[in-house]
Amino acid sequence: MKLAFVFPGQGSQSLGMMAGFSDLKAVRETFSEASELLGEDLWSMVENGPAEVLNLTTNTQPLMLVAGIAVFRAWIDAGGQCPDVLAGHSLGEYSALVASEAMSFSDAVPLVRFRAQCMQQAVPAGTGAMAAVLGLDDAGVLAACEEASNASEIAQAANFNAPGQVVVAGQKAAVERAVEAAKSRGARRAMLLPMSAPSHCALMRPAAEMLAKNLDKLPIQMPKVPVIHNESVSFASNTDELRHALVRQVFKPVRWAETIASLNEGGATHIVECGPGKVLTGLNKRIGGDAQTIALVDTSVLNETVSALKGKR
């Protein structure tokens with residue numbers, strides 16, 4: 001058996017998303033630790049919202065990191081085996097790096113809050129946008145983006161999530177044009193997403209530059225468990241490459257479909273989504289492959305999965 005863990009990112013958040021794990025000591029302690037680091041009650045934010053506060057990029061990013069690591073710690077506490085390989089969707093890459101011990105949780109939480117602030121500041125509120133395009137192949141989405149872009153406004157493919165599911169980012173007007181261009185090319189559906197910053201496109205280069213300066217100050221070591229990076233769909237060979245991967249990730253597309261294909265090609269027999277919700281599990285099933293996909297949606301599923309995988313080495 002070869003076990004892969006994948007961590008969700010922004011877009012998987014929801015009010016009450018940790019309710020299914022509220023009985024686990026490791027989960028509550030992880031949220032308490034992060035709350036002290038940021039000086040605010042993150043558990044209350046997740047439980048009580050309001051939703052518009054939860055969905056702010058500057059809150060969502062640290063919350064999703066904390067949630068992923070909380071579930072991972074609960075998995076280890078329950079006797080779950082250490083995964084053989086890790087990956088994370090966009091922000092989830094930071095959760096993967098903390099789980100791999102490449103960076104400490106205490107460093108990662110404020111770093112991710114800083115990353116979110118940089119991304120929000122890079123594009124004034126209301127001027128950027130992201131949209132999901134469904135039922136159109138990658139080439140069609142890229143053509144729609146090219147048609148929608150001009151010298152002053154861009155629309156670019158930001159997330160290659162699964163066959164027929166691509167997210168576009170850029171200036172709002174250009175993204176709106178890309179949505180219409182995608183529909184004209186036969187997209188089954190194309191719609192704007194409730195995102196407060198246009199991630200993974202060229203508009204995020206200023207944010208990447210600010211993040212790079214912060215990353216240079218943090219202690220980072222090579223992962224104890226290999227981590228596949230979003231932008232390159234490969235493993236870093238040294239810590240400089242690892243830092244560069246995190247910087248490029250901010251303004252380069254998330255190649256998730258290729259990441260899951262790589263895990264399958266690498267012999268993964270089980271791909272476990274570690275964090276709230278099951279967005280990645282849905283994507284992974286659409287991408288296909290021989291690996292069994294599992295979402296750890298609550299304590300019961302976590303314990304059942306730990307038991308089911310024991311002895312399969």
# chains A, B, ... in the order shown; residues from 1 in each chain; ligands from 1
call {"tool": "closest_atom_pairs", "arguments": {"of": "stretch 16-130 of chain A", "to": "stretch 276-288 of chain A", "cutoff": "7 Å", "atoms": "only C-alpha atoms", "output": "Markdown table"}}
result
| residue | atom | partner | partner_atom | distance |
| --- | --- | --- | --- | --- |
| A:Met17 | CA | A:Pro276 | CA | 5.7 |
| A:Met18 | CA | A:Pro276 | CA | 6.5 |
| A:Ala67 | CA | A:Pro276 | CA | 6.8 |
call {"tool": "residues_around", "arguments": {"residues": "stretch 173-186 of chain A", "least_positions_apart": "4", "cutoff": "8 Å", "atoms": "only C-alpha atoms", "output": "ChimeraX atom specification"}}
result
/A:129-131,133,135-136,140-141,144-145,147-149,153-155,168-169,190-192
call {"tool": "atom_distance", "arguments": {"atom1": "atom CA of A:Val71", "atom2": "atom CA of A:Phe21"}}
result
7.8 Å
call {"tool": "closest_atom_pairs", "arguments": {"of": "stretch 102-167 of chain A", "to": "stretch 47-61 of chain A", "cutoff": "8 Å", "atoms": "only C-alpha atoms", "output": "JSON lines"}}
result
{"residue": "A:Val112", "atom": "CA", "partner": "A:Gln61", "partner_atom": "CA", "distance": 6.3}
{"residue": "A:Arg113", "atom": "CA", "partner": "A:Thr58", "partner_atom": "CA", "distance": 5.7}
{"residue": "A:Phe114", "atom": "CA", "partner": "A:Thr58", "partner_atom": "CA", "distance": 7.9}
{"residue": "A:Ala116", "atom": "CA", "partner": "A:Thr58", "partner_atom": "CA", "distance": 4.8}
{"residue": "A:Gln117", "atom": "CA", "partner": "A:Thr58", "partner_atom": "CA", "distance": 5.7}
{"residue": "A:Gln120", "atom": "CA", "partner": "A:Thr57", "partner_atom": "CA", "distance": 7.1}
call {"tool": "write_last_selection", "arguments": {"atoms": "N, CA and C atoms", "output": "mmCIF file, in the first residue's frame"}}
result
data_model
loop_
_atom_site.group_PDB
_atom_site.id
_atom_site.type_symbol
_atom_site.label_atom_id
_atom_site.label_comp_id
_atom_site.auth_asym_id
_atom_site.auth_seq_id
_atom_site.Cartn_x
_atom_site.Cartn_y
_atom_site.Cartn_z
ATOM 1 N N VAL A 112 1.023 32.370 6.599
ATOM 2 C CA VAL A 112 -0.141 32.250 5.721
ATOM 3 C C VAL A 112 -1.057 33.467 5.870
ATOM 4 N N ARG A 113 -1.180 33.994 7.065
ATOM 5 C CA ARG A 113 -1.940 35.239 7.237
ATOM 6 C C ARG A 113 -1.270 36.370 6.448
ATOM 7 N N PHE A 114 0.065 36.432 6.511
ATOM 8 C CA PHE A 114 0.809 37.442 5.753
ATOM 9 C C PHE A 114 0.613 37.236 4.252
ATOM 10 N N ALA A 116 -1.921 35.950 2.747
ATOM 11 C CA ALA A 116 -3.273 36.398 2.403
ATOM 12 C C ALA A 116 -3.348 37.916 2.332
ATOM 13 N N GLN A 117 -2.706 38.586 3.268
ATOM 14 C CA GLN A 117 -2.695 40.049 3.253
ATOM 15 C C GLN A 117 -2.006 40.584 2.009
ATOM 16 N N GLN A 120 -4.377 40.113 -0.937
ATOM 17 C CA GLN A 120 -5.495 41.044 -0.931
ATOM 18 C C GLN A 120 -5.046 42.451 -1.297
#
call {"tool": "atom_distance", "arguments": {"atom1": "atom CA of A:Tyr94", "atom2": "atom CA of A:Asn238"}}
result
16.5 Å
call {"tool": "closest_residue", "arguments": {"among": "A:Ala308, A:Val6, A:Ile220, A:Ala122", "to": "A:Gly92", "atoms": "only C-alpha atoms"}}
result
A:Val6
call {"tool": "closest_residue", "arguments": {"among": "A:Lys310, A:His200, A:Arg28, A:His89", "to": "A:Val66", "atoms": "only C-alpha atoms"}}
result
A:Arg28
call {"tool": "atom_distance", "arguments": {"atom1": "atom CA of A:Val225", "atom2": "atom CA of A:Ala207"}}
result
28.0 Å
call {"tool": "residues_around", "arguments": {"residues": "A:Leu211", "least_positions_apart": "2", "cutoff": "8 Å", "atoms": "only C-alpha atoms", "output": "list in words"}}
result
Phe114, Arg115, Cys118, Ala207, Ala208, Glu209, Lys213, Asn214, Leu215 and Val247 of chain A
call {"tool": "select_by_dssp", "arguments": {"residues": "stretch 88-271 of chain A", "states": "alpha helix (DSSP H)", "output": "PyMOL selection string"}}
result
chain A and resi 92-99+105-122+138-148+172-184+205-215+239-251+256-265
call {"tool": "closest_residue", "arguments": {"among": "A:Lys217, A:Leu86, A:Thr293, A:Phe160", "to": "A:Ser234", "atoms": "only C-alpha atoms"}}
result
A:Leu86
call {"tool": "closest_residue", "arguments": {"among": "A:Glu241, A:Glu146, A:Glu258, A:Asp84", "to": "A:Lys2", "atoms": "only C-alpha atoms"}}
result
A:Asp84
